[in-house]
Amino acid sequence: MSYLLRENLELFTGTEGAEIRCDRCHHVFCRAGENWKQASSIRRLPPTAAGPLMAEASGKYVLQQNTCPSCGVLLDTDLIEEKKEGAQVEEKAPKKPEPTPVEASSRTAAVLVLDMSARCEDPELACHALLPGLAGFLEKARAARVPVIFSVSASQRGTPMERVAGPLQRREDEPVIYPDGFDKFAGGELQRLLESKGTKTLIITGSATNVAVMYTATAAARIHRYEVIVPVDGVNARSQYAHEYALYQLSVLPGGVFKRIRFSTLGTTSLN
Amino acid sequence: LALPAISVDPITFEILSHRLYQIAKEMGTTLERVGGTVNTTQQKDYMAALYRADGEILSAGESTGMHMACGGFAVKKILERFGNDGVAADDVFLLNDPYVAAVHQSDLFMISPIHYQGRLVAWSATFVHVMDIGALSPGGNSPGATEIFHEGIRIAGIKLIEGGTFRKDLFDMIINMTRQPTMVGLDLKCEIAANNVAKSRIQEMFAQFGADLIDAVTRKMIRHSENVLRKRITEIPDGVWKESGVIEADESWKVNLVLTKTADRLVFDFTGTDPQASKGINLPYHATFGVCFSAVLSTLAYDLPKNHGIFRPIEVIAPKGTIVNPQPPAPVSMNTTSGAKIVLYAASSTLMQALATHERWKSEVMAMTVGRRNVRHAGINQYGTYYVSNLSQTPIDGGGARSFQDGVESGGGTKSCPNVEWIERNFPVLYLFRRHAKDSAGAGKFRGGVGAETAFAINDAPERKIKGVAYGVVGIKNSGQGVFGGYPGAPAVVELSKGTRLRRMIADGSALDRREDLAGQTTSLPYCNFELTEDDVLYTRQSSGGGYGDPLERDVQMVLHDAVLGLVSAEAAREVYGVVIDWGKIDADATQRLRDSMRTARLGRGA
């Protein structure tokens, strides 16, 4: 049963009790009665993002936007005083790469899901926002018989957090590895798995963009010579800035390595 | 008193209720035809409504909610003050005390009892916003007033006409306390005329249909509006919605509102609102109630007969001594463009939030405007006569965006705006332009209506100067605010440029449509008095509508259309809407790429 709360948000009563969720992508923001804005993706832009006549607000106000962290639908826009705590305009990361549609062969591709352990079931964590989008993408991969491999941080092994986040619905035959390093090729287990599957193209997803994703993608393209695809909405970080600078760094790796890393979105990554 | 039960058939009901509506409208027409000022004849800043014998609103024509509600309070106060025995046939009462029932002193109520066969059966009430009321500043709105005693004549209720005898002594006393006795006198007389029209029409109606039938119809009208409204309120889920707003002048004041909806009742609670100000932004309690009534009327009851039935489900809690329930001697003269606007914004916003929770009412949600700015002017005109007038620009504010359509362009305010030629013919001013302000509307899936911008200078002014008063909420957030992701409209401004090149440009025959060509020293005018001299240009930009929903979801063809009409610049089309326009055509691929990247940029967040 669901009730309309406002445009694009609904009150939903599921097995976990009453929750507020996006009515477009069903991303869960918070429990009923909590502040959904705190669980939204928050951006702070210069006032002129609303048009040139807002110039006189510059330096005094910022344009704050709340969006659904999963599907990106804009939920609220408000001018707030800059002097309020934390209202600084978002730092601009260097020129991040623009995503373009990519195609990969299902016979030679594999999907890596990095560090999306049970901790991501906590809505307070940034990686939580990736769950709905990734769950859908993994279903697409499974339907195309593309292998899926999960990593979980070595520090979580033997704790209740060692399992993969529930919403990703890991299947019994999908391996979970626990490499001890930001680069998930550490220890050699990942490379052995990929070789056994005849992988040539690695689709790298998970969190965080500036840690596991950046070091694993770099090693994959530079050392192991894989073709790498990074869906930019299938990875994220604690801040938009960190997310964007990591994508930028991957797009400028020297020695032609950048050419082996392509950027797409989950929706524009096709598996044939 | 048990009245005979009279059954009213639906046809008679419709005919009589529409007749009452038409009488109230005819009262308004009378004001326009007999009156002479820009406020009455052009801007239609007046009220004309009919009330039942006990002061309950019967029919209100085209009057706004706040005004018709205050008219009802005024009738009740007259009844209280004079008692049933003190009200005779052919009396006409005058009242303008904001601490009795008026909104501010400039609104002079004229109230006539209507008798039929010796019995009080109804009231008619009118006001016009008079051109001057003897306050500190010409025109009434007085930025310098710190108490109500600075704000002009204040009358708690007198008989201007007693048993059909016109009190010329009182009349002369009142008009001579203003700067413009002739025009104020004409204003008072147009009100008397409108009340006379109402009286004769109502008496004709009673003679034709009989008191019992009309009583039954009017009760049924009120019950009908009340029943339908209560049913609609019941449909919306119970809940609590909050909003706040800030009135910015040289200081700022906060209005706090919590709307609680339980079953078929709406309770507006202003607890937490700032203490009353020593500036004329305060809104007396009856006007605060009237504004909440107005908000309900225009959201949930816009299609119902406007009458007392819509009063009944509403309760307003406003703590004494705050800006929404000030106590004497707090000044009030500028409240219609400040306190009333913020209260209307907060009340409407909470109602919109409530409507948004219901599938049927969701489509009625629209973006709200916070404030409006205006200018009064006074001096010696081109005919050598002293005048006081009003630019009446608030009707050319842009309207808020709706869930299914853009806001109304430069016509989102109530009432109407006088034409430029009429103003130039009557007053010593020359308009450089009055037009839609490009990029002023709040962006959204549906954008707000654009506000108008104007520039003008003095022309043929014998004293080579006129005086002005700038008023209305200032600040960055004084315009339309977006809903559901929609962006705010551009702030409303009044700006004075001194020492411009205007006279030289006129001599050269240059086009006067670009502000930057005029040069000069420009300052933004807050609530203040100012002088407009020969080389000065006054620029105003009205508030614009806020947007509805995500600008990236706006139909690209609508963005192109706006760009072609000059309402949105190509730069804003690209930066705000993500639409790439190249030589008058949409670049579909570039637009898709830009919109995708703008959406992607939103994803990810600080943990």
# chains A, B, ... in the order shown; residues from 1 in each chain; ligands from 1
call {"tool": "interface_residues", "arguments": {"of": "chain B", "to": "chain A", "cutoff": "7 Å", "atoms": "only C-alpha atoms", "output": "list in words"}}
result
Ala356, Thr357, His358, Asp439, Ser440, Ala443, Ile476, Gly482, Val483, Phe484, Gly485, Gly486, Tyr487, Ala490, Asp550, Ala572, Glu575, Val576, Ser597, Arg599, Thr600, Arg602, Leu603, Gly604, Arg605, Gly606 and Ala607 of chain B
call {"tool": "write_last_selection", "arguments": {"atoms": "C-alpha atoms", "output": "short mmCIF file (atom, residue, chain, number, x, y, z; two decimals), in the first residue's frame"}}
result
data_model
loop_
_atom_site.label_atom_id
_atom_site.label_comp_id
_atom_site.auth_asym_id
_atom_site.auth_seq_id
_atom_site.Cartn_x
_atom_site.Cartn_y
_atom_site.Cartn_z
CA ALA B 356 -0.06 17.40 -3.08
CA THR B 357 -0.89 14.38 -0.92
CA HIS B 358 -4.13 13.68 -2.75
CA ASP B 439 14.86 35.28 -17.93
CA SER B 440 12.80 36.48 -14.98
CA ALA B 443 12.50 27.54 -14.40
CA ILE B 476 16.47 38.09 -2.93
CA GLY B 482 9.43 27.11 -7.04
CA VAL B 483 7.73 23.87 -6.05
CA PHE B 484 8.84 20.25 -6.42
CA GLY B 485 12.24 21.22 -7.76
CA GLY B 486 11.09 24.28 -9.71
CA TYR B 487 13.40 27.29 -9.48
CA ALA B 490 14.09 36.66 -10.32
CA ASP B 550 12.48 19.72 -12.93
CA ALA B 572 19.56 30.30 -19.96
CA GLU B 575 22.55 26.50 -18.68
CA VAL B 576 19.23 26.13 -16.88
CA SER B 597 25.40 15.04 -18.18
CA ARG B 599 21.40 14.66 -14.63
CA THR B 600 24.49 12.58 -13.97
CA ARG B 602 23.29 15.38 -9.63
CA LEU B 603 24.00 11.82 -8.55
CA GLY B 604 26.23 10.86 -5.66
CA ARG B 605 26.22 12.70 -2.36
CA GLY B 606 28.22 13.48 0.72
CA ALA B 607 27.79 10.59 3.14
#
call {"tool": "residues_around", "arguments": {"residues": "segment 137-149 of chain B", "least_positions_apart": "6", "cutoff": "6 Å", "atoms": "only C-alpha atoms", "output": "list in words"}}
result
Met131, Ser278, Lys279, Pro329, Ala330, Pro331, Ser333, Met334, Tyr527 and Cys528 of chain B
call {"tool": "select_by_dssp", "arguments": {"residues": "segment 136-243 of chain A", "states": "alpha helix (DSSP H)", "output": "PyMOL selection string"}}
result
chain A and resi 136-143+189-197+214-222+240-243
call {"tool": "write_last_selection", "arguments": {"atoms": "N, CA, C and O atoms", "output": "compact mmCIF listing (two decimals), in the first residue's frame"}}
result
# COMPACT_ATOMS: atom_id res chain seq x y z
N GLY A 136 19.16 -3.65 -10.55
CA GLY A 136 18.56 -3.77 -11.88
C GLY A 136 19.60 -4.17 -12.92
O GLY A 136 19.35 -5.02 -13.78
N PHE A 137 20.77 -3.56 -12.82
CA PHE A 137 21.82 -3.85 -13.81
C PHE A 137 22.29 -5.30 -13.69
O PHE A 137 22.54 -5.99 -14.70
N LEU A 138 22.41 -5.78 -12.45
CA LEU A 138 22.88 -7.17 -12.26
C LEU A 138 21.87 -8.17 -12.84
O LEU A 138 22.24 -9.20 -13.40
N GLU A 139 20.58 -7.83 -12.73
CA GLU A 139 19.58 -8.71 -13.34
C GLU A 139 19.77 -8.79 -14.85
O GLU A 139 19.67 -9.86 -15.46
N LYS A 140 20.11 -7.61 -15.42
CA LYS A 140 20.35 -7.55 -16.87
C LYS A 140 21.56 -8.42 -17.23
O LYS A 140 21.54 -9.18 -18.21
N ALA A 141 22.61 -8.32 -16.41
CA ALA A 141 23.83 -9.10 -16.68
C ALA A 141 23.55 -10.60 -16.55
O ALA A 141 23.99 -11.40 -17.38
N ARG A 142 22.81 -10.95 -15.52
CA ARG A 142 22.51 -12.38 -15.31
C ARG A 142 21.70 -12.93 -16.48
O ARG A 142 21.94 -14.03 -16.95
N ALA A 143 20.75 -12.12 -16.95
CA ALA A 143 19.93 -12.55 -18.08
C ALA A 143 20.79 -12.77 -19.32
O ALA A 143 20.51 -13.64 -20.14
N GLU A 189 43.57 -13.60 -6.54
CA GLU A 189 42.37 -14.41 -6.70
C GLU A 189 41.47 -13.88 -7.84
O GLU A 189 40.92 -14.65 -8.63
N LEU A 190 41.37 -12.58 -7.93
CA LEU A 190 40.50 -11.98 -8.95
C LEU A 190 41.00 -12.33 -10.36
O LEU A 190 40.23 -12.74 -11.23
N GLN A 191 42.31 -12.19 -10.55
CA GLN A 191 42.86 -12.45 -11.88
C GLN A 191 42.63 -13.92 -12.27
O GLN A 191 42.27 -14.21 -13.41
N ARG A 192 42.79 -14.85 -11.31
CA ARG A 192 42.56 -16.28 -11.60
C ARG A 192 41.11 -16.51 -12.01
O ARG A 192 40.83 -17.22 -12.96
N LEU A 193 40.19 -15.88 -11.28
CA LEU A 193 38.75 -16.04 -11.61
C LEU A 193 38.46 -15.53 -13.03
O LEU A 193 37.77 -16.18 -13.81
N LEU A 194 39.00 -14.37 -13.35
CA LEU A 194 38.72 -13.76 -14.65
C LEU A 194 39.32 -14.59 -15.78
O LEU A 194 38.69 -14.77 -16.83
N GLU A 195 40.52 -15.09 -15.55
CA GLU A 195 41.16 -15.92 -16.59
C GLU A 195 40.32 -17.16 -16.84
O GLU A 195 40.13 -17.58 -17.98
N SER A 196 39.80 -17.76 -15.76
CA SER A 196 39.02 -18.99 -15.92
C SER A 196 37.74 -18.74 -16.72
O SER A 196 37.18 -19.64 -17.31
N LYS A 197 37.26 -17.51 -16.69
CA LYS A 197 36.02 -17.19 -17.41
C LYS A 197 36.30 -16.63 -18.80
O LYS A 197 35.36 -16.30 -19.53
N MET A 214 38.83 3.29 -8.40
CA MET A 214 39.95 3.92 -9.08
C MET A 214 41.15 3.00 -9.15
O MET A 214 41.75 2.82 -10.21
N TYR A 215 41.51 2.35 -8.01
CA TYR A 215 42.73 1.53 -8.03
C TYR A 215 42.53 0.22 -8.78
O TYR A 215 43.42 -0.25 -9.48
N THR A 216 41.34 -0.33 -8.68
CA THR A 216 41.08 -1.60 -9.39
C THR A 216 41.01 -1.36 -10.90
O THR A 216 41.57 -2.12 -11.69
N ALA A 217 40.35 -0.28 -11.29
CA ALA A 217 40.23 0.01 -12.73
C ALA A 217 41.60 0.31 -13.32
O ALA A 217 41.92 -0.09 -14.44
N THR A 218 42.42 1.02 -12.55
CA THR A 218 43.76 1.35 -13.04
C THR A 218 44.58 0.09 -13.25
O THR A 218 45.21 -0.11 -14.30
N ALA A 219 44.56 -0.80 -12.26
CA ALA A 219 45.32 -2.05 -12.38
C ALA A 219 44.77 -2.89 -13.53
O ALA A 219 45.53 -3.50 -14.30
N ALA A 220 43.46 -2.92 -13.67
CA ALA A 220 42.84 -3.73 -14.72
C ALA A 220 43.29 -3.25 -16.10
O ALA A 220 43.65 -4.06 -16.97
N ALA A 221 43.31 -1.94 -16.29
CA ALA A 221 43.65 -1.41 -17.61
C ALA A 221 45.16 -1.39 -17.84
O ALA A 221 45.64 -1.68 -18.93
N ARG A 222 45.94 -1.05 -16.78
CA ARG A 222 47.38 -0.85 -16.95
C ARG A 222 48.15 -2.17 -16.88
O ARG A 222 48.92 -2.49 -17.77
N GLN A 240 30.48 14.36 -4.02
CA GLN A 240 30.42 14.50 -5.47
C GLN A 240 31.80 14.87 -6.00
O GLN A 240 32.22 14.42 -7.06
N TYR A 241 32.51 15.69 -5.25
CA TYR A 241 33.83 16.14 -5.66
C TYR A 241 34.77 14.94 -5.81
O TYR A 241 35.44 14.78 -6.83
N ALA A 242 34.77 14.07 -4.78
CA ALA A 242 35.66 12.90 -4.83
C ALA A 242 35.27 11.98 -5.99
O ALA A 242 36.13 11.42 -6.68
N HIS A 243 34.00 11.83 -6.20
CA HIS A 243 33.49 11.00 -7.29
C HIS A 243 34.01 11.54 -8.63
O HIS A 243 34.53 10.80 -9.46
call {"tool": "residues_around", "arguments": {"residues": "Tyr431 of chain B", "least_positions_apart": "3", "cutoff": "8 Å", "atoms": "only C-alpha atoms", "output": "list in words"}}
result
Val420, Glu424, Arg434, Thr454, Ala455, Phe456 and Ala457 of chain B
call {"tool": "closest_residue", "arguments": {"among": "A:Phe12, A:Glu162, A:Asn272, A:Met116", "to": "Ala144 of chain A", "atoms": "only C-alpha atoms"}}
result
A:Asn272
call {"tool": "closest_residue", "arguments": {"among": "B:Tyr302, B:Tyr46, B:Trp583, B:Tyr51", "to": "Asp187 of chain B", "atoms": "only C-alpha atoms"}}
result
B:Tyr46
call {"tool": "residues_around", "arguments": {"residues": "Gly309 of chain B", "least_positions_apart": "4", "cutoff": "10 Å", "atoms": "only C-alpha atoms", "output": "VMD selection string"}}
result
chain B and resid 56 to 58 219 to 230 304 to 305 313 to 314
call {"tool": "residues_around", "arguments": {"residues": "segment 531-538 of chain B", "least_positions_apart": "6", "cutoff": "6 Å", "atoms": "only C-alpha atoms", "output": "VMD selection string"}}
result
chain B and resid 455 to 457 464 to 468 495 to 500
call {"tool": "write_last_selection", "arguments": {"atoms": "all heavy atoms", "output": "compact mmCIF listing (two decimals), in the first residue's frame"}}
result
# COMPACT_ATOMS: atom_id res chain seq x y z
N ALA B 455 10.69 51.13 -17.20
CA ALA B 455 11.60 52.22 -16.88
C ALA B 455 10.87 53.49 -17.24
O ALA B 455 10.19 53.56 -18.26
CB ALA B 455 12.89 52.11 -17.67
N PHE B 456 10.96 54.48 -16.37
CA PHE B 456 10.36 55.75 -16.73
C PHE B 456 11.06 56.92 -16.09
O PHE B 456 11.87 56.76 -15.16
CB PHE B 456 8.85 55.77 -16.46
CG PHE B 456 8.49 55.71 -15.02
CD1 PHE B 456 8.38 56.86 -14.28
CD2 PHE B 456 8.26 54.49 -14.43
CE1 PHE B 456 8.04 56.79 -12.94
CE2 PHE B 456 7.92 54.42 -13.10
CZ PHE B 456 7.82 55.57 -12.34
N ALA B 457 10.76 58.10 -16.63
CA ALA B 457 11.39 59.33 -16.17
C ALA B 457 10.32 60.39 -16.09
O ALA B 457 9.19 60.19 -16.57
CB ALA B 457 12.46 59.75 -17.18
N ARG B 464 10.16 70.23 -12.26
CA ARG B 464 11.34 69.46 -12.70
C ARG B 464 11.69 68.34 -11.72
O ARG B 464 12.82 67.89 -11.64
CB ARG B 464 12.55 70.37 -12.88
CG ARG B 464 12.33 71.38 -14.00
CD ARG B 464 13.53 72.24 -14.16
NE ARG B 464 13.49 72.92 -15.42
CZ ARG B 464 14.53 73.54 -15.95
NH1 ARG B 464 15.70 73.50 -15.33
NH2 ARG B 464 14.43 74.17 -17.09
N LYS B 465 10.70 67.89 -10.98
CA LYS B 465 10.89 66.76 -10.08
C LYS B 465 9.52 66.28 -9.60
O LYS B 465 8.55 67.07 -9.62
CB LYS B 465 11.76 67.13 -8.89
CG LYS B 465 11.12 68.16 -7.98
CD LYS B 465 11.96 68.46 -6.76
CE LYS B 465 11.19 69.44 -5.89
NZ LYS B 465 11.93 69.95 -4.78
N ILE B 466 9.46 65.01 -9.22
CA ILE B 466 8.28 64.52 -8.49
C ILE B 466 8.79 63.70 -7.31
O ILE B 466 9.96 63.32 -7.26
CB ILE B 466 7.33 63.65 -9.37
CG1 ILE B 466 8.07 62.45 -9.95
CG2 ILE B 466 6.68 64.50 -10.46
CD1 ILE B 466 7.15 61.47 -10.69
N LYS B 467 7.90 63.46 -6.35
CA LYS B 467 8.27 62.63 -5.21
C LYS B 467 7.79 61.20 -5.44
O LYS B 467 6.79 60.99 -6.13
CB LYS B 467 7.61 63.16 -3.93
CG LYS B 467 8.31 64.36 -3.35
CD LYS B 467 7.67 64.73 -2.03
CE LYS B 467 8.50 65.82 -1.36
NZ LYS B 467 7.85 66.30 -0.15
N GLY B 468 8.49 60.27 -4.84
CA GLY B 468 8.05 58.89 -4.98
C GLY B 468 8.16 58.14 -3.66
O GLY B 468 8.86 58.57 -2.75
N GLU B 495 14.81 50.29 -8.80
CA GLU B 495 16.16 50.85 -8.85
C GLU B 495 16.12 52.25 -9.45
O GLU B 495 15.43 52.50 -10.44
CB GLU B 495 17.08 49.96 -9.69
CG GLU B 495 17.39 48.65 -9.00
CD GLU B 495 18.15 47.65 -9.85
OE1 GLU B 495 18.33 47.88 -11.06
OE2 GLU B 495 18.57 46.61 -9.29
N LEU B 496 16.87 53.14 -8.81
CA LEU B 496 16.90 54.53 -9.27
C LEU B 496 18.28 54.84 -9.86
O LEU B 496 19.30 54.66 -9.19
CB LEU B 496 16.63 55.46 -8.07
CG LEU B 496 16.65 56.95 -8.35
CD1 LEU B 496 15.57 57.36 -9.35
CD2 LEU B 496 16.46 57.74 -7.05
N SER B 497 18.29 55.27 -11.13
CA SER B 497 19.55 55.68 -11.76
C SER B 497 19.58 57.20 -11.82
O SER B 497 18.70 57.82 -12.41
CB SER B 497 19.66 55.11 -13.18
OG SER B 497 19.65 53.71 -13.13
N LYS B 498 20.62 57.77 -11.20
CA LYS B 498 20.78 59.23 -11.17
C LYS B 498 21.76 59.63 -12.26
O LYS B 498 22.71 58.89 -12.55
CB LYS B 498 21.36 59.68 -9.82
CG LYS B 498 20.46 59.44 -8.62
CD LYS B 498 19.53 60.49 -8.46
CE LYS B 498 18.99 61.28 -7.48
NZ LYS B 498 17.74 61.93 -7.71
N GLY B 499 21.56 60.84 -12.82
CA GLY B 499 22.53 61.39 -13.76
C GLY B 499 22.71 60.53 -15.01
O GLY B 499 23.82 60.25 -15.44
N THR B 500 21.60 60.13 -15.62
CA THR B 500 21.70 59.29 -16.81
C THR B 500 21.88 60.16 -18.07
O THR B 500 21.78 61.38 -18.02
CB THR B 500 20.42 58.45 -17.01
OG1 THR B 500 19.36 59.35 -17.35
CG2 THR B 500 20.07 57.68 -15.76
call {"tool": "atom_distance", "arguments": {"atom1": "atom CA of Glu516 of chain B", "atom2": "atom CA of Leu432 of chain B"}}
result
12.9 Å
call {"tool": "residues_around", "arguments": {"residues": "Gly407 of chain B", "least_positions_apart": "4", "cutoff": "8 Å", "atoms": "only C-alpha atoms", "output": "list in words"}}
result
Gly398, Gly399, Gly400, Ala401, Arg402, Gly412, Phe446, Arg447, Gly448, Gly449, Val450 and Gly545 of chain B
call {"tool": "atom_distance", "arguments": {"atom1": "atom CA of Glu453 of chain B", "atom2": "atom CA of Thr414 of chain B"}}
result
17.3 Å
call {"tool": "atom_distance", "arguments": {"atom1": "atom CA of Ile111 of chain B", "atom2": "atom CA of Gly280 of chain B"}}
result
25.7 Å
